[in-house]
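model_2.tsv follows (TSV, C-alpha atoms):
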```tsv
chain	number	residue	atom	x	y	z
J	623	MET	CA	108.15	99.41	108.66
J	624	LYS	CA	104.75	101.01	109.28
J	625	LEU	CA	101.12	100.03	108.99
J	626	ARG	CA	99.14	102.16	106.59
J	627	GLN	CA	96.60	104.24	108.47
J	628	GLY	CA	93.04	103.21	107.72
J	629	SER	CA	93.92	99.64	106.72
J	630	PHE	CA	92.11	96.73	108.40
J	631	LEU	CA	95.03	95.90	110.69
J	632	TRP	CA	95.11	99.49	111.92
J	633	TYR	CA	91.93	98.82	113.92
J	634	LEU	CA	93.03	95.60	115.61
J	635	TYR	CA	94.10	95.69	119.25
J	636	LEU	CA	97.17	93.81	120.45
J	637	ASP	CA	97.39	92.97	124.15
J	638	LYS	CA	100.44	94.83	125.50
J	639	ILE	CA	101.41	92.11	127.98
J	640	TYR	CA	100.98	88.88	126.03
J	641	CYS	CA	101.14	90.37	122.52
J	642	LEU	CA	98.13	88.40	121.32
J	643	LEU	CA	94.79	89.38	119.78
J	644	SER	CA	91.50	89.12	121.62
J	645	VAL	CA	89.02	86.40	120.62
J	646	ARG	CA	86.85	89.00	118.90
J	647	ASN	CA	89.82	90.31	116.91
J	648	VAL	CA	90.85	86.78	115.94
J	649	LYS	CA	87.34	86.10	114.59
J	650	ALA	CA	87.50	89.30	112.56
J	651	LEU	CA	90.96	88.33	111.29
J	652	VAL	CA	89.69	84.90	110.22
J	653	GLU	CA	86.96	86.56	108.14
J	654	TYR	CA	89.51	88.94	106.67
J	655	PHE	CA	91.78	86.01	105.79
J	656	HIS	CA	88.91	84.28	103.96
J	657	LEU	CA	88.27	87.46	101.97
J	658	LEU	CA	91.92	87.52	100.92
J	659	ASP	CA	91.80	83.82	100.00
J	660	ALA	CA	90.56	84.37	96.45
J	661	HIS	CA	91.04	80.70	95.50
J	662	HIS	CA	89.20	79.35	98.58
J	663	ASN	CA	92.07	77.03	99.54
J	664	ASN	CA	92.39	78.32	103.13
J	665	THR	CA	95.82	79.57	102.12
J	666	LEU	CA	97.48	82.62	100.56
J	667	ASN	CA	99.95	82.18	97.72
J	668	ASP	CA	102.86	84.53	97.14
J	669	VAL	CA	100.85	86.85	94.82
J	670	LEU	CA	97.95	87.30	97.25
J	671	PHE	CA	100.41	87.69	100.12
J	672	TYR	CA	102.37	90.35	98.21
J	673	HIS	CA	99.30	92.47	97.48
J	674	PHE	CA	98.08	92.11	101.07
J	675	LEU	CA	101.33	93.45	102.56
J	676	LYS	CA	101.59	96.14	99.90
J	677	HIS	CA	98.13	97.33	100.92
J	678	VAL	CA	98.63	97.35	104.72
J	679	THR	CA	102.34	98.24	105.09
J	680	ASN	CA	105.08	100.32	103.48
J	681	LEU	CA	107.36	97.29	102.98
J	682	ARG	CA	109.32	97.05	99.76
J	683	GLY	CA	108.76	94.19	97.32
J	684	THR	CA	112.03	92.48	98.25
J	685	GLN	CA	111.15	92.65	101.95
J	686	ILE	CA	107.71	91.14	101.31
J	687	LYS	CA	109.33	88.22	99.48
J	688	ILE	CA	111.73	87.72	102.39
J	689	VAL	CA	108.83	87.64	104.87
J	690	PHE	CA	106.88	85.16	102.71
J	691	ASP	CA	109.86	82.81	102.50
J	692	MET	CA	110.24	83.00	106.29
J	693	LEU	CA	106.59	82.12	106.91
J	694	ASP	CA	106.42	79.41	104.25
J	695	TRP	CA	107.82	76.84	106.69
J	696	ASN	CA	107.24	73.84	104.43
J	697	ALA	CA	108.30	75.58	101.21
J	698	VAL	CA	104.97	74.80	99.52
J	699	GLY	CA	104.46	78.30	98.08
J	700	GLU	CA	101.53	79.08	100.36
J	701	ILE	CA	100.86	80.12	103.93
J	702	GLY	CA	97.91	79.18	106.13
J	703	PHE	CA	96.06	81.11	108.79
J	704	ASP	CA	98.50	80.11	111.57
J	705	GLN	CA	101.41	81.79	109.79
J	706	PHE	CA	99.18	84.71	108.82
J	707	TYR	CA	98.19	85.22	112.46
J	708	VAL	CA	101.83	85.23	113.58
J	709	LEU	CA	102.66	87.81	110.92
J	710	VAL	CA	99.80	90.09	112.00
J	711	CYS	CA	100.95	89.93	115.63
J	712	ILE	CA	104.49	90.82	114.54
J	713	LEU	CA	103.21	93.77	112.49
J	714	LEU	CA	101.07	95.05	115.37
J	715	SER	CA	103.87	94.64	117.91
J	716	HIS	CA	106.13	96.67	115.62
J	717	GLN	CA	103.45	99.34	115.18
J	718	ASN	CA	102.95	99.58	118.97
J	719	HIS	CA	106.69	99.49	119.80
J	720	LEU	CA	106.34	96.12	121.56
J	721	GLU	CA	109.01	94.25	119.60
J	722	GLU	CA	111.01	93.26	122.71
J	723	GLN	CA	107.84	92.21	124.52
J	724	PHE	CA	106.75	90.08	121.56
J	725	MET	CA	110.10	88.30	121.28
J	726	TYR	CA	110.13	87.68	125.03
J	727	ARG	CA	106.59	86.31	125.16
J	728	HIS	CA	106.94	84.23	121.99
J	729	SER	CA	110.63	83.43	122.03
J	730	ARG	CA	110.21	79.86	120.78
J	731	PRO	CA	108.06	80.67	117.71
J	732	VAL	CA	110.32	83.61	116.83
J	733	PHE	CA	113.39	81.41	117.20
J	734	ASP	CA	111.84	78.78	114.92
J	735	LEU	CA	111.00	81.44	112.35
J	736	LEU	CA	114.57	82.72	112.27
J	737	ASP	CA	116.04	79.21	112.25
J	738	LEU	CA	115.54	78.90	108.50
J	739	ASP	CA	117.80	75.86	108.07
J	740	GLY	CA	116.31	73.88	110.94
J	741	GLU	CA	119.71	73.53	112.61
J	742	LEU	CA	118.50	74.82	116.00
J	743	ARG	CA	120.95	77.70	115.58
J	744	ILE	CA	120.40	81.26	114.33
J	745	ALA	CA	123.22	82.80	112.32
J	746	ALA	CA	123.97	86.51	112.32
J	747	SER	CA	122.98	86.65	108.65
J	748	ASN	CA	119.47	85.45	109.53
J	749	PHE	CA	119.11	88.17	112.12
J	750	HIS	CA	120.39	90.75	109.67
J	751	THR	CA	117.89	89.67	107.01
J	752	TYR	CA	114.85	89.87	109.27
J	753	ARG	CA	115.88	92.56	111.75
J	754	PHE	CA	113.50	95.09	110.13
J	755	LEU	CA	110.56	93.02	111.43
J	756	PHE	CA	111.70	93.41	115.04
J	757	ASN	CA	113.31	96.86	114.74
J	758	ILE	CA	116.80	95.58	115.61
J	759	LYS	CA	119.51	98.13	114.81
J	760	LYS	CA	122.85	97.11	113.29
J	761	GLN	CA	124.77	98.09	116.42
J	762	GLU	CA	122.33	96.12	118.58
J	763	LEU	CA	122.91	93.12	116.32
J	764	LYS	CA	126.68	93.30	116.87
J	765	GLU	CA	126.18	93.60	120.62
J	766	LEU	CA	123.74	90.70	120.57
J	767	PHE	CA	126.25	88.22	119.20
J	768	HIS	CA	129.08	89.68	121.24
J	769	ASP	CA	127.20	89.40	124.54
J	770	PHE	CA	125.04	86.29	124.09
J	771	ASP	CA	127.01	84.00	121.79
J	772	ILE	CA	128.27	82.00	124.78
J	773	THR	CA	129.51	79.06	122.71
J	774	GLY	CA	131.46	81.40	120.42
J	775	ASP	CA	130.29	79.74	117.18
J	776	ARG	CA	128.77	82.98	115.78
J	777	ARG	CA	125.31	81.44	116.07
J	778	LEU	CA	122.70	81.48	118.82
J	779	ASN	CA	121.01	78.39	120.18
J	780	TYR	CA	117.61	78.70	121.82
J	781	LYS	CA	118.95	79.21	125.37
J	782	GLU	CA	121.22	82.02	124.18
J	783	PHE	CA	118.36	83.58	122.25
J	784	LYS	CA	116.06	83.33	125.29
J	785	LEU	CA	118.66	85.14	127.40
J	786	TYR	CA	118.76	87.86	124.80
J	787	THR	CA	114.97	88.31	124.92
J	788	ILE	CA	115.05	88.53	128.73
J	789	PHE	CA	117.82	91.13	128.60
J	790	SER	CA	115.96	93.09	125.90
J	791	ILE	CA	112.69	93.26	127.83
J	792	ASP	CA	114.52	94.35	130.99
J	793	LYS	CA	116.32	97.05	129.04
J	794	SER	CA	113.06	98.16	127.43
J	795	GLN	CA	111.29	98.39	130.79
J	796	GLU	CA	114.16	100.44	132.24
J	797	ARG	CA	113.97	102.79	129.26
J	798	GLN	CA	110.21	103.17	129.66
J	799	LYS	CA	110.63	103.82	133.39
J	800	ALA	CA	113.20	106.54	132.68
J	801	GLU	CA	110.86	108.12	130.11
J	802	ARG	CA	107.98	108.10	132.61
J	803	GLU	CA	110.15	109.70	135.29
J	804	LYS	CA	111.28	112.34	132.82
J	805	GLU	CA	107.67	113.06	131.86
J	806	ASN	CA	106.71	113.27	135.55
J	807	GLU	CA	109.46	115.82	136.12
J	808	LYS	CA	108.20	117.87	133.20
J	809	GLN	CA	104.66	117.69	134.58
J	810	LYS	CA	105.87	118.88	137.99
J	811	GLU	CA	107.66	121.81	136.34
J	812	ARG	CA	104.51	122.72	134.42
J	813	GLU	CA	102.43	122.58	137.61
J	814	LYS	CA	105.05	124.67	139.39
J	815	GLU	CA	104.88	127.33	136.68
J	816	LYS	CA	101.09	127.31	136.86
J	817	GLY	CA	101.34	127.79	140.63
J	818	LYS	CA	103.63	130.78	140.15
J	819	GLU	CA	101.24	132.36	137.64
J	820	LYS	CA	98.30	131.76	139.94
J	821	TRP	CA	100.16	133.30	142.89
J	822	LYS	CA	101.18	136.32	140.79
J	823	SER	CA	97.59	136.84	139.65
J	824	LEU	CA	96.30	136.61	143.23
J	825	LEU	CA	98.93	139.08	144.44
J	826	LEU	CA	98.02	141.58	141.74
J	827	ARG	CA	94.33	141.35	142.61
J	828	ARG	CA	95.06	142.04	146.29
J	829	MET	CA	97.30	145.00	145.46
J	830	SER	CA	94.72	146.41	143.06
J	831	ARG	CA	92.04	146.38	145.74
J	832	LYS	CA	94.28	148.49	147.97
J	833	VAL	CA	95.07	151.11	145.37
J	834	GLY	CA	91.66	150.99	143.64
J	835	VAL	CA	92.87	150.15	140.13
J	836	SER	CA	92.49	147.09	137.95
J	837	PRO	CA	95.19	144.38	138.04
J	838	GLU	CA	96.10	145.13	134.43
J	839	SER	CA	96.51	148.84	135.12
J	840	HIS	CA	98.53	148.17	138.23
J	841	LEU	CA	100.76	145.76	136.38
J	842	GLU	CA	101.29	148.32	133.61
J	843	LYS	CA	102.12	150.96	136.22
J	844	MET	CA	104.69	148.65	137.80
J	845	ARG	CA	106.29	148.07	134.40
J	846	ILE	CA	106.51	151.81	133.73
J	847	GLU	CA	108.06	152.46	137.12
J	848	ILE	CA	110.60	149.71	136.54
```
Please express the file's structure as structure tokens.
Amino acid sequence: MKLRQGSFLWYLYLDKIYCLLSVRNVKALVEYFHLLDAHHNNTLNDVLFYHFLKHVTNLRGTQIKIVFDMLDWNAVGEIGFDQFYVLVCILLSHQNHLEEQFMYRHSRPVFDLLDLDGELRIAASNFHTYRFLFNIKKQELKELFHDFDITGDRRLNYKEFKLYTIFSIDKSQERQKAEREKENEKQKEREKEKGKEKWKSLLLRRMSRKVGVSPESHLEKMRIEI
């Protein structure tokens, strides 16, 4: 799932720690919501919702219907601004690779969204249906229920789900730390190579002063002799 470049949501900023919009961005989003609300009911029906997501994302029609059903908590065929705001935060967290951070910070709302039957349990099928929203791979899904289904009923209660979000954010931070260390090593290697080139250039200039020729000529002479 990707946001379409140049769409309205593309220009919104999501806080990387709390995964929420700033007050200014929320005000802009409210105005945008009112523009989408063609019937002036302070809600979006399934048709308006479909065209909105088609415009700002690359989601397929079936996926858009799935998302609408998830957000339509009361099964009234419409969603209000609260659900719209949650959706936008999910989309932006996905776009900024903050899915684990979002689930960790908003574990209760996410749990309630995935608990479609209101049984205070999330089945593996629910996770499978909506995993594209949180970028959960199939293998990760299997490991999730294997490692965190403490009760063994093939469903996660809120405590089990919360443990999963804590584990996920820790794993994500370790991965980011490893990537930073790898990038630092690459930077050190680049600086080391620059140092070697600088030293070589300085050495050639010194040698050229002694023999009275340009560094380029001296270097060419050395190559010929070699």
Practice task
Go through J:Arg777, J:Lys818, J:His661, J:Lys764 and flag the residue nearest Asn748 (chain J), using all atoms listed in the file for the distances.
Solution key: J:Arg777
Exercise for the section: Rounded to one decimal place, report the CA of Phe756 (chain J)-CA of Leu720 (chain J) distance in Å. Expected result: 8.9 Å
Handout entry: Among listed residues J:Glu765, J:Gln809, J:Ile758, J:Tyr780, nearest Arg743 (chain J) (using all atoms listed in the file)
Key =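 Among the listed residues, J:Tyr780 lies closest to Arg743 (chain J).
Among J:Lys808, J:His719, J:Lys814, J:His677, the residue with the shortest atom-to-atom distance to Gln627 (chain J), counting only C-alpha atoms, is J:His677.
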Handout entry: Arg626 (chain J) surroundings by all atoms listed in the file, 9 Å radius, close-in-sequence under 2 positions cut, as a PyMOL selection string
Key = chain J and resi 624+628-629+631-632+677-680
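Comparing J:Ser729, J:Phe706, J:Gln798, J:Gly817 by their smallest distance to Phe783 (chain J), the closest is J:Ser729 (using only C-alpha atoms).
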Problem - Cut-off 12 Å around (89.1, 86.9, 113.0) with all atoms listed in the file: residues as a VMD selection string - result: chain J and resid 630 to 631 634 to 635 643 to 657 703 to 704 706 to 707 710
Exercise for the section: Would you mind telling me which residue in J:Ser715, J:Asn696, J:Ser794, J:Gln685 lies nearest to Phe754 (chain J) when using only C-alpha atoms? Expected result: J:Gln685
Residues near Leu736 (chain J), cut-off 8 Å, only C-alpha atoms, skip fewer than 4 positions along chain, as a PDB file with C-alpha atoms, in the coordinates of the input:
```pdb
ATOM      1  CA  MET J 692     110.240  83.000 106.290  1.00  0.00           C
ATOM      2  CA  VAL J 732     110.320  83.610 116.830  1.00  0.00           C
ATOM      3  CA  ILE J 744     120.400  81.260 114.330  1.00  0.00           C
ATOM      4  CA  ASN J 748     119.470  85.450 109.530  1.00  0.00           C
ATOM      5  CA  PHE J 749     119.110  88.170 112.120  1.00  0.00           C
ATOM      6  CA  TYR J 752     114.850  89.870 109.270  1.00  0.00           C
TER       7      TYR J 752
END
```
Practice task
Using CA of Phe724 (chain J) and CA of Leu642 (chain J) as the two end points, give the distance in Å to one decimal.
Solution key: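 Distance reported for this atom pair: 8.8 Å.
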Please identify all polymer residues within 10 Å of Ala745 (chain J), counting all atoms listed in the file, omitting same-chain residues fewer than 2 positions from it, and present them as a PDB file with C-alpha atoms, in the coordinates of the input.
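Result went into part-v6.pdb, see below:
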```
ATOM      1  CA  LEU J 736     114.570  82.720 112.270  1.00  0.00           C
ATOM      2  CA  ASP J 737     116.040  79.210 112.250  1.00  0.00           C
ATOM      3  CA  LEU J 738     115.540  78.900 108.500  1.00  0.00           C
ATOM      4  CA  ASP J 739     117.800  75.860 108.070  1.00  0.00           C
ATOM      5  CA  GLU J 741     119.710  73.530 112.610  1.00  0.00           C
ATOM      6  CA  LEU J 742     118.500  74.820 116.000  1.00  0.00           C
ATOM      7  CA  ARG J 743     120.950  77.700 115.580  1.00  0.00           C
ATOM      8  CA  SER J 747     122.980  86.650 108.650  1.00  0.00           C
ATOM      9  CA  ASN J 748     119.470  85.450 109.530  1.00  0.00           C
ATOM     10  CA  PHE J 749     119.110  88.170 112.120  1.00  0.00           C
ATOM     11  CA  HIS J 750     120.390  90.750 109.670  1.00  0.00           C
ATOM     12  CA  PHE J 767     126.250  88.220 119.200  1.00  0.00           C
ATOM     13  CA  ASP J 775     130.290  79.740 117.180  1.00  0.00           C
ATOM     14  CA  ARG J 776     128.770  82.980 115.780  1.00  0.00           C
ATOM     15  CA  ARG J 777     125.310  81.440 116.070  1.00  0.00           C
ATOM     16  CA  LEU J 778     122.700  81.480 118.820  1.00  0.00           C
ATOM     17  CA  ASN J 779     121.010  78.390 120.180  1.00  0.00           C
TER      18      ASN J 779
END
```
Exercise for the section: Rounded to one decimal place, report the CA of Lys822 (chain J)-CA of Glu807 (chain J) distance in Å. Expected result: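 So the two atoms, CA of Lys822 (chain J) and CA of Glu807 (chain J), lie 22.6 Å apart.
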Practice task
Go through J:Arg802, J:Lys676, J:Arg827, J:His716 one by one, measure the shortest atom-to-atom distance of each to Asn757 (chain J) using only C-alpha atoms, and give the residue with the smallest value.
Solution key: J:His716
Practice task
Using all atoms listed in the file, determine which residues lie at most 12 Å from Asp691 (chain J), disregarding the query and same-chain residues fewer than 4 positions distant; provide the list as a VMD selection string.
Solution key: chain J and resid 667 to 668 671 to 672 684 to 687 695 to 701 705 735 to 736 738 to 739 751 to 752
Padding 4 Å on each side, edges along x, y and z: where is the centre of the box around the listed atoms of region 779-798 of chain J, and how long are its edges in Å to one decimal? Output it as AutoDock Vina command-line options.
```
--center_x 115.7 --center_y 90.8 --center_z 126.2 --size_x 19.0 --size_y 32.8 --size_z 20.1
```
